[in-house]
Amino acid sequence: MLTWLDQRTGIVSATKGFLTEDVPGGASYWYAFGSATVFAMILQIATGIFLTFYYSPSSSTAWESTKYIIEKVPAGHFVLSLHYWGASAMIALMAMHLLQVLLWGAYKKPRELQWIVGVILFIVTLVLGLTGYLLPWDLNALLASTVAIRIAGNAPILGPAVLHFLQGGDGITTLTINRFFGIHVWLMPAALVALVAAHLSIFRWNGPAGPPIDEAPKLKPGRFWPDQMFMDTVLSFGIFVLIVALSTFAPVPLDDKADPNNSTFVPYPAWYFMALYALVDLVGALPPALVQAASLFATIIGPTLLVVLLIVLPFVDRNPSRRLSRRPWVLGLTALTMVAAIGLSWYGQNNVVNGQLAHNIIGPGAASLPASTAATSSEAGPGNGTTTAAAGTTAVTTSGGGSNPGGSSAAGSAAGQATFTANCSGCHGATGQGQPGVFPPLDGNPVVVGDKTTVIHILDNGLNGKISVHGTTYNGVMPPWKGTLTNAQIAGVLTYIRSAWTNKGTPITEAEVAAASK
Amino acid sequence: MGHAEAYTDPGTPQEQSRRTFMAQATIALGGVIGISLAIPLVTSLIPAADASNQEWSPLTADELATLKKATDSTPLKVTFSVHETNGYFGASDSDQFVWAVRVSDEEMQKARPELYAGSAKLPYPVVNMGFTVFSPLCPHLGCRYAYLEAQKKFLCPCHGSEYSLLGVHEAGPALRGLDPLPLRDYEGKVEISWILYQANTPAHVVIQVG
């Protein structure tokens, strides 16, 4: 059968040829990051294709179709979460692969072009991450993309043209979503697949570099199949299990629909841009004379310089020795960059996001807005799921004011939902799914449906410090709501969240809130 | 390579000349296809001039009344209607807002001298009718900032830039203060004009007007 197939197609011989390859010094888990990255890419393409069966790119359907995928499509939330966590995995694995090649000096002659194609692949993958971020068209998508687009627009000379091109016009509109969709779904994946093919062809031409020693010919060759392939598969499988676990226990959140007029939502960048985000923020702490130069450096010059440095590295570092002990400069710079990236990311996550929470952008501490603002945000119509007043200041005034008078109907689920949409969904998400690491999910959260006094106290007094839900740690800041929301509103919103989504808790009455709040 | 037998014989000079022609013609024809495709494809990506216009209507009586309620200690968010083109969805009315602060020209000149001279100078009155209206976009990277009554300042949620009531940049990574927009009373109709300035520069570089 195989012979018949091979005689007519040559496919069996070609596969054998592909699998028969010497691995200098034997198979190693060190070599598995590249193939695990390819695995993550395949996972992204597979899940991405299925998402396009439902996703619809336009300003009036992008968020709605994403919400539909999450809420209605069977296994839709899981597939979307696989795509979300798969993106993180792909970038993390690619970074590990890059680091390994860097440490082992595998970029050196004759592998310069393989290295350069790899660096371009890394950029393409980051562009995929960035463009994918806009597509759900929620508040975070809009603000994160606004910042990214404005940074691009700030580049010297070409900036304004790039801004105009990316937006597809003068502002971020429905055309921008289509543009990012075209880039994310067609242009970049096509480039990715072509470049991976080139990367692998060049790899097979040069053969594996082997460990970082100078006596390569003395190494005993090992087998690619099945020895190395087994290790590749084990790592890919481990990563797959991790992605499935994350998708199950920390599914991707969807914030409220993008609203250009929302000025209180605190956006959060993807973790792989957290270091750059921190850098942009830190610039503000410099003396005024330095801020402009530092700002340009943090947003444009620094990242460009890093890419240029990586591309020219094999031509600058021309010492043929790959021994670790003979390459102190490259290894030192790599270590320094890694320490800086990790430190900045840590600063970004902790100080920036939590610092802004402490700034009271979110929460009732910033609640007293002028009347005109309240009038504006009440037009948003709390409770319709597409409210424009997502979190914080404007919304608080709204619910305290006109749209929910007296709280007499607050026990009703509709009023509770309105209160929730106006005040809580900004952090906990429209579907109570929370935000990974910061705000816990309310859906399926045992505390939410558990002891009444406990949940009333949390709402009354807020919550600070690390908490754990389903084994995941959250470290956001929940503001106290007592005094901002009436007892009736608190009862209404608690009744709502205890019975919404998959929750099946008992209602809470105004009297119970009053009793527990004493 | 059994398939490549034809290449062992270099052929007659005529054949060689023909092959040279065919090789070059193949590349030329491929090139014509490539360029003929690339030109319309790239052209299609140039944004149409009317892809995302917005027209700011004059303030209505109610909106004007809101504006006039602004004081020097309480800025007001003045919301008004814009006629906005959203690509293939065409034009529709939506809300836009600016922040209005009551201030005299002298005070403003004292607080924000850069608006009156130098590279950040504005070619229109910063204060008109006793008010300044600020663009809702943070001059850092274009997010919409919020007003915090408790702290009497404007604060951007994206990177934490802070501004005083008169738009003076006080903290965070922004490179200039809030951008005043032209406000004018035109034959009884009060109009605010939209100007988008380049983000993250100390100077006022106009990206788009109207």
# chains A, B, ... in the order shown; residues from 1 in each chain; ligands from 1
>>> interface_residues(of="chain B", to="chain A", cutoff="6 Å", atoms="only C-alpha atoms", output="list in words")
Pro47, Ala51, Ser52, Lys77, Asn86, Gly87, Leu141, Arg144, Tyr145, Ala146, Leu148, Glu149, Pro157, Cys158, His159, Gly172 and Pro173 of chain B
>>> write_last_selection(atoms="N, CA and C atoms", output="PDB file, in the first residue's frame")
ATOM      1  N   PRO B  47      -6.746  55.027   2.431  1.00  0.00           N
ATOM      2  CA  PRO B  47      -8.055  55.371   2.980  1.00  0.00           C
ATOM      3  C   PRO B  47      -8.746  56.433   2.142  1.00  0.00           C
ATOM      4  N   ALA B  51     -13.773  58.532   4.511  1.00  0.00           N
ATOM      5  CA  ALA B  51     -14.005  57.279   5.229  1.00  0.00           C
ATOM      6  C   ALA B  51     -14.487  57.511   6.655  1.00  0.00           C
ATOM      7  N   SER B  52     -14.015  58.574   7.257  1.00  0.00           N
ATOM      8  CA  SER B  52     -14.375  58.767   8.662  1.00  0.00           C
ATOM      9  C   SER B  52     -14.458  60.249   9.025  1.00  0.00           C
ATOM     10  N   LYS B  77     -18.399  68.550  31.644  1.00  0.00           N
ATOM     11  CA  LYS B  77     -18.297  67.747  30.439  1.00  0.00           C
ATOM     12  C   LYS B  77     -19.469  68.172  29.558  1.00  0.00           C
ATOM     13  N   ASN B  86     -18.856  56.474   9.569  1.00  0.00           N
ATOM     14  CA  ASN B  86     -18.185  55.275  10.058  1.00  0.00           C
ATOM     15  C   ASN B  86     -18.026  54.304   8.893  1.00  0.00           C
ATOM     16  N   GLY B  87     -17.070  54.611   8.009  1.00  0.00           N
ATOM     17  CA  GLY B  87     -16.785  53.729   6.873  1.00  0.00           C
ATOM     18  C   GLY B  87     -18.033  53.374   6.090  1.00  0.00           C
ATOM     19  N   LEU B 141      -1.181  59.757  24.534  1.00  0.00           N
ATOM     20  CA  LEU B 141      -1.384  58.808  23.445  1.00  0.00           C
ATOM     21  C   LEU B 141      -2.847  58.647  23.054  1.00  0.00           C
ATOM     22  N   ARG B 144      -9.103  58.826  26.323  1.00  0.00           N
ATOM     23  CA  ARG B 144      -9.936  59.866  26.918  1.00  0.00           C
ATOM     24  C   ARG B 144      -9.697  59.902  28.423  1.00  0.00           C
ATOM     25  N   TYR B 145      -9.397  61.096  28.939  1.00  0.00           N
ATOM     26  CA  TYR B 145      -9.107  61.220  30.364  1.00  0.00           C
ATOM     27  C   TYR B 145     -10.401  61.491  31.133  1.00  0.00           C
ATOM     28  N   ALA B 146     -10.334  61.267  32.440  1.00  0.00           N
ATOM     29  CA  ALA B 146     -11.505  61.477  33.295  1.00  0.00           C
ATOM     30  C   ALA B 146     -11.236  62.641  34.237  1.00  0.00           C
ATOM     31  N   LEU B 148     -11.506  63.951  38.084  1.00  0.00           N
ATOM     32  CA  LEU B 148     -11.681  63.493  39.453  1.00  0.00           C
ATOM     33  C   LEU B 148     -12.044  64.675  40.336  1.00  0.00           C
ATOM     34  N   GLU B 149     -13.273  64.713  40.736  1.00  0.00           N
ATOM     35  CA  GLU B 149     -13.760  65.823  41.550  1.00  0.00           C
ATOM     36  C   GLU B 149     -13.000  65.893  42.877  1.00  0.00           C
ATOM     37  N   PRO B 157      -6.665  57.290  32.232  1.00  0.00           N
ATOM     38  CA  PRO B 157      -6.594  55.913  32.724  1.00  0.00           C
ATOM     39  C   PRO B 157      -5.504  55.086  32.054  1.00  0.00           C
ATOM     40  N   CYS B 158      -5.012  55.512  30.896  1.00  0.00           N
ATOM     41  CA  CYS B 158      -4.084  54.646  30.161  1.00  0.00           C
ATOM     42  C   CYS B 158      -2.677  54.627  30.762  1.00  0.00           C
ATOM     43  N   HIS B 159      -2.072  55.799  30.959  1.00  0.00           N
ATOM     44  CA  HIS B 159      -0.719  55.812  31.524  1.00  0.00           C
ATOM     45  C   HIS B 159      -0.596  56.769  32.690  1.00  0.00           C
ATOM     46  N   GLY B 172       2.943  62.217  35.183  1.00  0.00           N
ATOM     47  CA  GLY B 172       2.767  61.210  34.150  1.00  0.00           C
ATOM     48  C   GLY B 172       3.558  61.531  32.903  1.00  0.00           C
ATOM     49  N   PRO B 173       3.523  60.628  31.919  1.00  0.00           N
ATOM     50  CA  PRO B 173       4.444  60.711  30.782  1.00  0.00           C
ATOM     51  C   PRO B 173       4.057  61.701  29.676  1.00  0.00           C
TER      52      PRO B 173
END
>>> residues_around(residues="Thr79 in chain B", least_positions_apart="6", cutoff="7 Å", atoms="only C-alpha atoms", output="list in words")
Thr376 of chain A; Glu63, Asp95, Gln96, Phe97 and Val98 of chain B
>>> select_by_dssp(residues="range 27-138 of chain B", states="strand (DSSP E or B)", output="PyMOL selection string")
chain B and resi 54-56+76-85+91-102+128+131-134+137
>>> residues_around(residues="Pro10 in chain B", least_positions_apart="6", cutoff="12 Å", atoms="only C-alpha atoms", output="NGL selection string")
:B and (16-17 or 19)
>>> write_last_selection(atoms="all heavy atoms", output="PDB file, in the first residue's frame")
ATOM      1  N   GLN B  16      20.025  28.558 -28.008  1.00  0.00           N
ATOM      2  CA  GLN B  16      20.484  29.296 -26.821  1.00  0.00           C
ATOM      3  C   GLN B  16      19.904  30.708 -26.799  1.00  0.00           C
ATOM      4  O   GLN B  16      19.438  31.199 -25.772  1.00  0.00           O
ATOM      5  CB  GLN B  16      22.011  29.355 -26.799  1.00  0.00           C
ATOM      6  CG  GLN B  16      22.631  28.024 -26.446  1.00  0.00           C
ATOM      7  CD  GLN B  16      24.150  28.084 -26.423  1.00  0.00           C
ATOM      8  OE1 GLN B  16      24.736  29.162 -26.296  1.00  0.00           O
ATOM      9  NE2 GLN B  16      24.780  26.945 -26.554  1.00  0.00           N
ATOM     10  N   SER B  17      19.923  31.332 -27.975  1.00  0.00           N
ATOM     11  CA  SER B  17      19.393  32.695 -28.056  1.00  0.00           C
ATOM     12  C   SER B  17      17.896  32.711 -27.754  1.00  0.00           C
ATOM     13  O   SER B  17      17.383  33.567 -27.045  1.00  0.00           O
ATOM     14  CB  SER B  17      19.696  33.243 -29.457  1.00  0.00           C
ATOM     15  OG  SER B  17      18.773  34.245 -29.798  1.00  0.00           O
ATOM     16  N   ARG B  19      16.322  30.560 -25.912  1.00  0.00           N
ATOM     17  CA  ARG B  19      16.118  30.294 -24.481  1.00  0.00           C
ATOM     18  C   ARG B  19      16.368  31.550 -23.645  1.00  0.00           C
ATOM     19  O   ARG B  19      15.658  31.803 -22.674  1.00  0.00           O
ATOM     20  CB  ARG B  19      17.045  29.164 -24.026  1.00  0.00           C
ATOM     21  CG  ARG B  19      16.595  27.828 -24.557  1.00  0.00           C
ATOM     22  CD  ARG B  19      17.162  26.663 -23.767  1.00  0.00           C
ATOM     23  NE  ARG B  19      16.743  25.415 -24.392  1.00  0.00           N
ATOM     24  CZ  ARG B  19      17.565  24.628 -25.080  1.00  0.00           C
ATOM     25  NH1 ARG B  19      18.841  24.934 -25.197  1.00  0.00           N
ATOM     26  NH2 ARG B  19      17.095  23.538 -25.635  1.00  0.00           N
TER      27      ARG B  19
END
>>> atom_distance(atom1="CA of Ile195 in chain B", atom2="CA of Ala70 in chain B")
21.9 Å
>>> decode(residues="range 19-43 of chain B", atoms="N, CA, C and O atoms", output="compact mmCIF listing (two decimals), in the first residue's frame")
# COMPACT_ATOMS: atom_id res chain seq x y z
N ARG B 19 16.32 30.56 -25.91
CA ARG B 19 16.12 30.29 -24.48
C ARG B 19 16.37 31.55 -23.65
O ARG B 19 15.66 31.80 -22.67
N THR B 20 17.39 32.29 -24.07
CA THR B 20 17.64 33.55 -23.35
C THR B 20 16.42 34.44 -23.41
O THR B 20 15.95 35.00 -22.42
N PHE B 21 15.86 34.51 -24.65
CA PHE B 21 14.65 35.32 -24.82
C PHE B 21 13.52 34.80 -23.93
O PHE B 21 12.86 35.56 -23.22
N MET B 22 13.31 33.47 -23.95
CA MET B 22 12.19 32.90 -23.19
C MET B 22 12.37 33.10 -21.68
O MET B 22 11.41 33.39 -20.96
N ALA B 23 13.62 32.96 -21.22
CA ALA B 23 13.87 33.17 -19.79
C ALA B 23 13.54 34.60 -19.40
O ALA B 23 12.84 34.86 -18.41
N GLN B 24 14.02 35.53 -20.22
CA GLN B 24 13.79 36.94 -19.89
C GLN B 24 12.32 37.31 -20.04
O GLN B 24 11.76 38.05 -19.23
N ALA B 25 11.67 36.74 -21.08
CA ALA B 25 10.25 37.04 -21.28
C ALA B 25 9.42 36.50 -20.12
O ALA B 25 8.45 37.13 -19.68
N THR B 26 9.79 35.31 -19.60
CA THR B 26 9.06 34.74 -18.47
C THR B 26 9.11 35.69 -17.28
O THR B 26 8.09 35.99 -16.64
N ILE B 27 10.33 36.17 -17.00
CA ILE B 27 10.48 37.10 -15.88
C ILE B 27 9.70 38.39 -16.13
O ILE B 27 8.99 38.89 -15.26
N ALA B 28 9.77 38.89 -17.39
CA ALA B 28 9.09 40.14 -17.71
C ALA B 28 7.57 40.00 -17.58
O ALA B 28 6.90 40.84 -16.97
N LEU B 29 7.02 38.90 -18.13
CA LEU B 29 5.57 38.70 -18.05
C LEU B 29 5.12 38.56 -16.59
O LEU B 29 4.12 39.14 -16.17
N GLY B 30 5.91 37.78 -15.82
CA GLY B 30 5.60 37.62 -14.39
C GLY B 30 5.63 38.97 -13.70
O GLY B 30 4.76 39.29 -12.89
N GLY B 31 6.62 39.77 -14.07
CA GLY B 31 6.74 41.09 -13.47
C GLY B 31 5.54 41.98 -13.80
O GLY B 31 5.03 42.68 -12.93
N VAL B 32 5.08 41.91 -15.07
CA VAL B 32 3.92 42.71 -15.47
C VAL B 32 2.70 42.30 -14.64
O VAL B 32 1.97 43.15 -14.12
N ILE B 33 2.51 40.98 -14.49
CA ILE B 33 1.38 40.50 -13.67
C ILE B 33 1.51 41.04 -12.25
O ILE B 33 0.56 41.59 -11.67
N GLY B 34 2.72 40.91 -11.70
CA GLY B 34 2.95 41.34 -10.31
C GLY B 34 2.66 42.82 -10.12
O GLY B 34 1.90 43.20 -9.22
N ILE B 35 3.21 43.64 -11.01
CA ILE B 35 3.02 45.09 -10.86
C ILE B 35 1.57 45.48 -11.11
O ILE B 35 0.98 46.27 -10.39
N SER B 36 0.96 44.85 -12.14
CA SER B 36 -0.44 45.18 -12.46
C SER B 36 -1.36 44.83 -11.29
O SER B 36 -2.40 45.44 -11.10
N LEU B 37 -0.98 43.80 -10.55
CA LEU B 37 -1.78 43.45 -9.38
C LEU B 37 -1.47 44.36 -8.19
O LEU B 37 -2.36 44.82 -7.49
N ALA B 38 -0.17 44.60 -8.00
CA ALA B 38 0.26 45.34 -6.81
C ALA B 38 -0.32 46.75 -6.81
O ALA B 38 -0.76 47.24 -5.77
N ILE B 39 -0.36 47.40 -7.98
CA ILE B 39 -0.83 48.79 -8.01
C ILE B 39 -2.28 48.92 -7.52
O ILE B 39 -2.54 49.66 -6.58
N PRO B 40 -3.24 48.18 -8.12
CA PRO B 40 -4.61 48.32 -7.57
C PRO B 40 -4.74 47.81 -6.14
O PRO B 40 -5.53 48.37 -5.36
N LEU B 41 -4.00 46.75 -5.77
CA LEU B 41 -4.12 46.23 -4.41
C LEU B 41 -3.68 47.27 -3.39
O LEU B 41 -4.38 47.53 -2.40
N VAL B 42 -2.53 47.86 -3.65
CA VAL B 42 -2.03 48.85 -2.70
C VAL B 42 -2.92 50.10 -2.72
O VAL B 42 -3.24 50.67 -1.68
N THR B 43 -3.35 50.48 -3.95
CA THR B 43 -4.24 51.64 -4.05
C THR B 43 -5.50 51.45 -3.20
O THR B 43 -5.99 52.37 -2.56
